[in-house]
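One structure is given here, and the rest of the page talks about it.
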Amino acid sequence: QSLGYGFVSCTEMGHANKAISTLKGLNCRPGSSRVPRADCPPKVSYAWPSVISICDANLCMSSLPKDMGLEMEQLFSQYSCIITSHI
(Lines give C-alpha, C1' and ligand atoms only; values in the text may rest on other atoms or scores of the structure.)
Protein backbone atom coordinates (compact mmCIF):
# COMPACT_ATOMS: atom_id res chain seq x y z
CA GLN A 1 0.00 0.00 0.00
CA SER A 2 1.32 3.41 -0.94
CA LEU A 3 1.89 5.82 1.92
CA GLY A 4 2.10 9.61 1.86
CA TYR A 5 5.05 11.97 1.57
CA GLY A 6 5.78 15.64 2.07
CA PHE A 7 8.47 18.27 1.59
CA VAL A 8 8.66 21.10 4.11
CA SER A 9 10.61 24.33 4.40
CA CYS A 10 11.33 25.21 8.05
CA THR A 11 12.31 28.78 8.92
CA GLU A 12 14.86 27.68 11.54
CA MET A 13 16.86 24.51 12.09
CA GLY A 14 15.46 24.22 15.61
CA HIS A 15 11.99 23.85 14.13
CA ALA A 16 13.27 21.23 11.69
CA ASN A 17 14.89 19.30 14.55
CA LYS A 18 11.64 19.44 16.58
CA ALA A 19 9.66 18.13 13.60
CA ILE A 20 12.14 15.31 13.12
CA SER A 21 11.97 14.24 16.76
CA THR A 22 8.15 14.48 16.79
CA LEU A 23 7.70 12.40 13.64
CA LYS A 24 10.31 9.84 14.68
CA GLY A 25 8.31 9.35 17.88
CA LEU A 26 5.24 8.21 15.95
CA ASN A 27 4.58 4.62 15.01
CA CYS A 28 1.63 3.92 12.79
CA ARG A 29 -0.24 1.36 10.81
CA PRO A 30 -1.16 2.14 7.21
CA GLY A 31 -4.85 2.83 6.89
CA SER A 32 -7.37 4.97 8.66
CA SER A 33 -6.18 4.72 12.26
CA ARG A 34 -2.78 5.03 13.85
CA VAL A 35 -1.88 2.14 16.11
CA PRO A 36 1.58 1.79 17.65
CA ARG A 37 3.59 -0.56 15.48
CA ALA A 38 7.38 -0.63 15.37
CA ASP A 39 7.62 -1.86 11.78
CA CYS A 40 5.89 1.18 10.23
CA PRO A 41 7.26 4.46 11.61
CA PRO A 42 7.07 7.60 9.46
CA LYS A 43 10.45 8.51 7.99
CA VAL A 44 11.79 12.04 8.17
CA SER A 45 15.16 13.46 7.24
CA TYR A 46 16.89 16.58 6.04
CA ALA A 47 16.19 17.19 2.37
CA TRP A 48 18.72 17.96 -0.35
CA PRO A 49 16.32 18.49 -3.25
CA SER A 50 17.58 18.40 -6.81
CA VAL A 51 14.25 19.42 -8.38
CA ILE A 52 13.50 23.14 -8.76
CA SER A 53 9.86 22.79 -7.62
CA ILE A 54 10.97 21.74 -4.13
CA CYS A 55 14.34 23.52 -3.98
CA ASP A 56 13.41 25.37 -0.76
CA ALA A 57 12.60 22.17 1.14
CA ASN A 58 14.83 21.28 4.05
CA LEU A 59 12.79 18.33 5.38
CA CYS A 60 11.53 15.25 3.56
CA MET A 61 8.91 12.96 5.06
CA SER A 62 7.77 9.58 3.78
CA SER A 63 5.73 6.58 4.93
CA LEU A 64 3.10 8.94 6.30
CA PRO A 65 -0.28 7.35 7.08
CA LYS A 66 -3.21 8.42 4.91
CA ASP A 67 -5.03 10.03 7.87
CA MET A 68 -2.16 12.32 8.86
CA GLY A 69 -2.96 15.26 6.53
CA LEU A 70 -4.55 17.59 9.09
CA GLU A 71 -2.11 16.58 11.82
CA MET A 72 0.80 17.32 9.49
CA GLU A 73 -0.59 20.78 8.70
CA GLN A 74 -1.00 21.51 12.42
CA LEU A 75 2.52 20.31 13.21
CA PHE A 76 4.18 22.48 10.57
CA SER A 77 1.91 25.50 10.09
CA GLN A 78 3.34 27.68 12.86
CA TYR A 79 7.02 27.56 11.92
CA SER A 80 7.26 26.24 8.39
CA CYS A 81 5.68 25.89 4.99
CA ILE A 82 4.55 22.63 3.44
CA ILE A 83 5.87 22.89 -0.10
CA THR A 84 4.15 19.78 -1.41
CA SER A 85 2.58 16.66 0.02
CA HIS A 86 0.54 13.68 -1.00
CA ILE A 87 -1.27 11.94 1.80
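Scheme for the C-alpha coordinates: letters A, B, ... for chains in order shown; per-chain residue numbers from 1; ligand numbers from 1 in order shown.
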Can you pull out every residue within 9 Å of Glu12 in chain A, counting only C-alpha atoms, but drop anything in the same chain fewer than 4 positions away, and send it as a ChimeraX atom specification?
-> /A:16-17,79-80
Which residues come within 12 Å of Met13 in chain A, counting only C-alpha atoms, excluding same-chain residues fewer than 2 positions away, as a CSV table (one decimal) with all heavy atoms, in the first residue's frame?
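Result file is part.csv:
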```
chain,number,residue,atom,x,y,z
A,8,VAL,N,8.9,20.0,3.3
A,8,VAL,CA,8.7,21.1,4.1
A,8,VAL,C,9.9,22.0,4.1
A,8,VAL,O,11.0,21.6,4.1
A,8,VAL,CB,8.3,20.6,5.5
A,8,VAL,CG1,8.1,21.8,6.5
A,8,VAL,CG2,7.1,19.7,5.5
A,9,SER,N,9.6,23.3,4.2
A,9,SER,CA,10.6,24.3,4.4
A,9,SER,C,10.4,24.9,5.8
A,9,SER,O,9.4,25.6,6.1
A,9,SER,CB,10.5,25.4,3.3
A,9,SER,OG,11.4,26.4,3.6
A,10,CYS,N,11.4,24.7,6.7
A,10,CYS,CA,11.3,25.2,8.0
A,10,CYS,C,12.1,26.5,8.1
A,10,CYS,O,13.2,26.6,7.5
A,10,CYS,CB,11.9,24.2,9.0
A,10,CYS,SG,10.9,22.7,9.2
A,11,THR,N,11.6,27.5,8.9
A,11,THR,CA,12.3,28.8,8.9
A,11,THR,C,13.6,28.7,9.7
A,11,THR,O,14.5,29.5,9.5
A,11,THR,CB,11.4,29.8,9.5
A,11,THR,OG1,10.9,29.4,10.8
A,11,THR,CG2,10.2,30.1,8.6
A,15,HIS,N,13.3,24.3,14.5
A,15,HIS,CA,12.0,23.9,14.1
A,15,HIS,C,12.1,22.6,13.3
A,15,HIS,O,11.3,21.6,13.5
A,15,HIS,CB,11.2,24.9,13.3
A,15,HIS,CG,11.1,26.2,14.0
A,15,HIS,ND1,11.1,27.4,13.4
A,15,HIS,CD2,10.9,26.5,15.3
A,15,HIS,CE1,11.0,28.4,14.3
A,15,HIS,NE2,10.8,27.8,15.5
A,16,ALA,N,13.1,22.5,12.5
A,16,ALA,CA,13.3,21.2,11.7
A,16,ALA,C,13.6,20.1,12.6
A,16,ALA,O,13.1,19.0,12.5
A,16,ALA,CB,14.4,21.4,10.7
A,17,ASN,N,14.5,20.3,13.6
A,17,ASN,CA,14.9,19.3,14.6
A,17,ASN,C,13.7,18.8,15.4
A,17,ASN,O,13.5,17.7,15.7
A,17,ASN,CB,16.0,19.8,15.4
A,17,ASN,CG,17.3,20.0,14.7
A,17,ASN,OD1,17.5,19.3,13.7
A,17,ASN,ND2,18.1,20.9,15.2
A,18,LYS,N,12.8,19.8,15.8
A,18,LYS,CA,11.6,19.4,16.6
A,18,LYS,C,10.7,18.6,15.7
A,18,LYS,O,10.2,17.6,16.2
A,18,LYS,CB,10.9,20.7,17.1
A,18,LYS,CG,9.7,20.4,17.9
A,18,LYS,CD,9.0,21.6,18.4
A,18,LYS,CE,7.8,21.2,19.2
A,18,LYS,NZ,7.1,22.4,19.7
A,19,ALA,N,10.5,18.9,14.5
A,19,ALA,CA,9.7,18.1,13.6
A,19,ALA,C,10.2,16.7,13.4
A,19,ALA,O,9.5,15.7,13.5
A,19,ALA,CB,9.5,18.8,12.2
A,20,ILE,N,11.5,16.6,13.3
A,20,ILE,CA,12.1,15.3,13.1
A,20,ILE,C,11.9,14.5,14.4
A,20,ILE,O,11.5,13.3,14.3
A,20,ILE,CB,13.6,15.4,12.8
A,20,ILE,CG1,13.8,15.9,11.4
A,20,ILE,CG2,14.4,14.1,13.0
A,20,ILE,CD1,15.3,16.3,11.0
A,46,TYR,N,16.6,15.3,6.7
A,46,TYR,CA,16.9,16.6,6.0
A,46,TYR,C,16.9,16.4,4.5
A,46,TYR,O,17.3,15.3,4.0
A,46,TYR,CB,18.3,17.1,6.5
A,46,TYR,CG,18.3,17.4,7.9
A,46,TYR,CD1,19.0,16.6,8.8
A,46,TYR,CD2,17.7,18.5,8.4
A,46,TYR,CE1,19.0,16.9,10.2
A,46,TYR,CE2,17.7,18.9,9.8
A,46,TYR,CZ,18.4,18.0,10.6
A,46,TYR,OH,18.4,18.3,12.0
A,57,ALA,N,12.9,23.2,0.1
A,57,ALA,CA,12.6,22.2,1.1
A,57,ALA,C,13.9,21.8,1.9
A,57,ALA,O,14.9,21.7,1.4
A,57,ALA,CB,12.0,20.9,0.5
A,58,ASN,N,13.7,21.7,3.3
A,58,ASN,CA,14.8,21.3,4.1
A,58,ASN,C,14.5,20.1,4.9
A,58,ASN,O,15.3,19.5,5.6
A,58,ASN,CB,15.4,22.4,4.9
A,58,ASN,CG,14.4,23.1,5.7
A,58,ASN,OD1,13.3,22.7,6.0
A,58,ASN,ND2,14.8,24.3,6.2
A,59,LEU,N,13.2,19.6,4.8
A,59,LEU,CA,12.8,18.3,5.4
A,59,LEU,C,12.0,17.5,4.4
A,59,LEU,O,11.2,18.0,3.6
A,59,LEU,CB,11.9,18.6,6.6
A,59,LEU,CG,12.5,19.0,7.9
A,59,LEU,CD1,11.4,19.1,8.9
A,59,LEU,CD2,13.5,18.1,8.4
A,79,TYR,N,5.6,27.2,12.1
A,79,TYR,CA,7.0,27.6,11.9
A,79,TYR,C,7.6,27.2,10.5
A,79,TYR,O,8.8,27.3,10.3
A,79,TYR,CB,7.9,26.9,13.0
A,79,TYR,CG,7.5,27.2,14.4
A,79,TYR,CD1,6.9,26.2,15.2
A,79,TYR,CD2,7.7,28.5,14.9
A,79,TYR,CE1,6.6,26.5,16.5
A,79,TYR,CE2,7.4,28.8,16.2
A,79,TYR,CZ,6.8,27.8,17.0
A,79,TYR,OH,6.5,28.1,18.3
A,80,SER,N,6.7,26.7,9.7
A,80,SER,CA,7.3,26.2,8.4
A,80,SER,C,6.2,26.3,7.3
A,80,SER,O,5.0,26.6,7.6
A,80,SER,CB,7.8,24.8,8.5
A,80,SER,OG,6.8,24.0,9.0
```
Which of these residues is nearest to Leu75 in chain A, using only C-alpha atoms: A:Gly4, A:Ser62, A:Thr22, A:Ile54?
-> A:Thr22
Enumerate as an MDAnalysis selection string all residues of range 46-81 of chain A assigned to strand (DSSP E) by DSSP on the backbone, naming them with the chain letters and numbers the document uses.
-> chainID A and resid 46 59:64 80:81
Output N, CA, C and O atoms of each residue in that selection to a file, as a PDB file, in the first residue's frame.
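For reference, out_22.pdb as written:
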```pdb
ATOM      1  N   TYR A  46      16.566  15.323   6.708  1.00  0.00           N
ATOM      2  CA  TYR A  46      16.887  16.579   6.043  1.00  0.00           C
ATOM      3  C   TYR A  46      16.856  16.358   4.547  1.00  0.00           C
ATOM      4  O   TYR A  46      17.266  15.311   4.047  1.00  0.00           O
ATOM      5  N   LEU A  59      13.217  19.580   4.751  1.00  0.00           N
ATOM      6  CA  LEU A  59      12.792  18.331   5.381  1.00  0.00           C
ATOM      7  C   LEU A  59      12.020  17.498   4.360  1.00  0.00           C
ATOM      8  O   LEU A  59      11.228  18.024   3.589  1.00  0.00           O
ATOM      9  N   CYS A  60      12.250  16.206   4.409  1.00  0.00           N
ATOM     10  CA  CYS A  60      11.532  15.251   3.561  1.00  0.00           C
ATOM     11  C   CYS A  60      10.905  14.206   4.466  1.00  0.00           C
ATOM     12  O   CYS A  60      11.569  13.664   5.338  1.00  0.00           O
ATOM     13  N   MET A  61       9.608  13.955   4.270  1.00  0.00           N
ATOM     14  CA  MET A  61       8.910  12.956   5.061  1.00  0.00           C
ATOM     15  C   MET A  61       8.338  11.905   4.134  1.00  0.00           C
ATOM     16  O   MET A  61       7.873  12.225   3.047  1.00  0.00           O
ATOM     17  N   SER A  62       8.364  10.653   4.567  1.00  0.00           N
ATOM     18  CA  SER A  62       7.771   9.580   3.781  1.00  0.00           C
ATOM     19  C   SER A  62       7.157   8.558   4.726  1.00  0.00           C
ATOM     20  O   SER A  62       7.322   8.643   5.945  1.00  0.00           O
ATOM     21  N   SER A  63       6.443   7.609   4.162  1.00  0.00           N
ATOM     22  CA  SER A  63       5.730   6.580   4.933  1.00  0.00           C
ATOM     23  C   SER A  63       4.727   7.196   5.891  1.00  0.00           C
ATOM     24  O   SER A  63       4.516   6.696   6.998  1.00  0.00           O
ATOM     25  N   LEU A  64       4.104   8.287   5.469  1.00  0.00           N
ATOM     26  CA  LEU A  64       3.097   8.936   6.305  1.00  0.00           C
ATOM     27  C   LEU A  64       1.756   8.231   6.117  1.00  0.00           C
ATOM     28  O   LEU A  64       1.383   7.908   4.996  1.00  0.00           O
ATOM     29  N   SER A  80       6.736  26.680   9.670  1.00  0.00           N
ATOM     30  CA  SER A  80       7.257  26.236   8.391  1.00  0.00           C
ATOM     31  C   SER A  80       6.186  26.276   7.321  1.00  0.00           C
ATOM     32  O   SER A  80       5.037  26.620   7.589  1.00  0.00           O
ATOM     33  N   CYS A  81       6.570  25.899   6.133  1.00  0.00           N
ATOM     34  CA  CYS A  81       5.676  25.894   4.993  1.00  0.00           C
ATOM     35  C   CYS A  81       5.738  24.521   4.332  1.00  0.00           C
ATOM     36  O   CYS A  81       6.826  24.046   3.998  1.00  0.00           O
TER      37      CYS A  81
END
```
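Between Val44 in chain A and the candidates A:Phe76, A:His86, A:Tyr5, A:Leu70, the tightest atom-to-atom separation, counting only C-alpha atoms, involves A:Tyr5.
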If you run DSSP on the backbone, which residues of range 3-86 of chain A are alpha helix (DSSP H), as an NGL selection string?
-> :A and (13-24 or 69-76)
With only C-alpha atoms as the basis for distance, which of A:Ile87, A:Leu23, A:Ile82, A:Ala47 is at the shortest distance from Pro65 in chain A?
-> A:Ile87
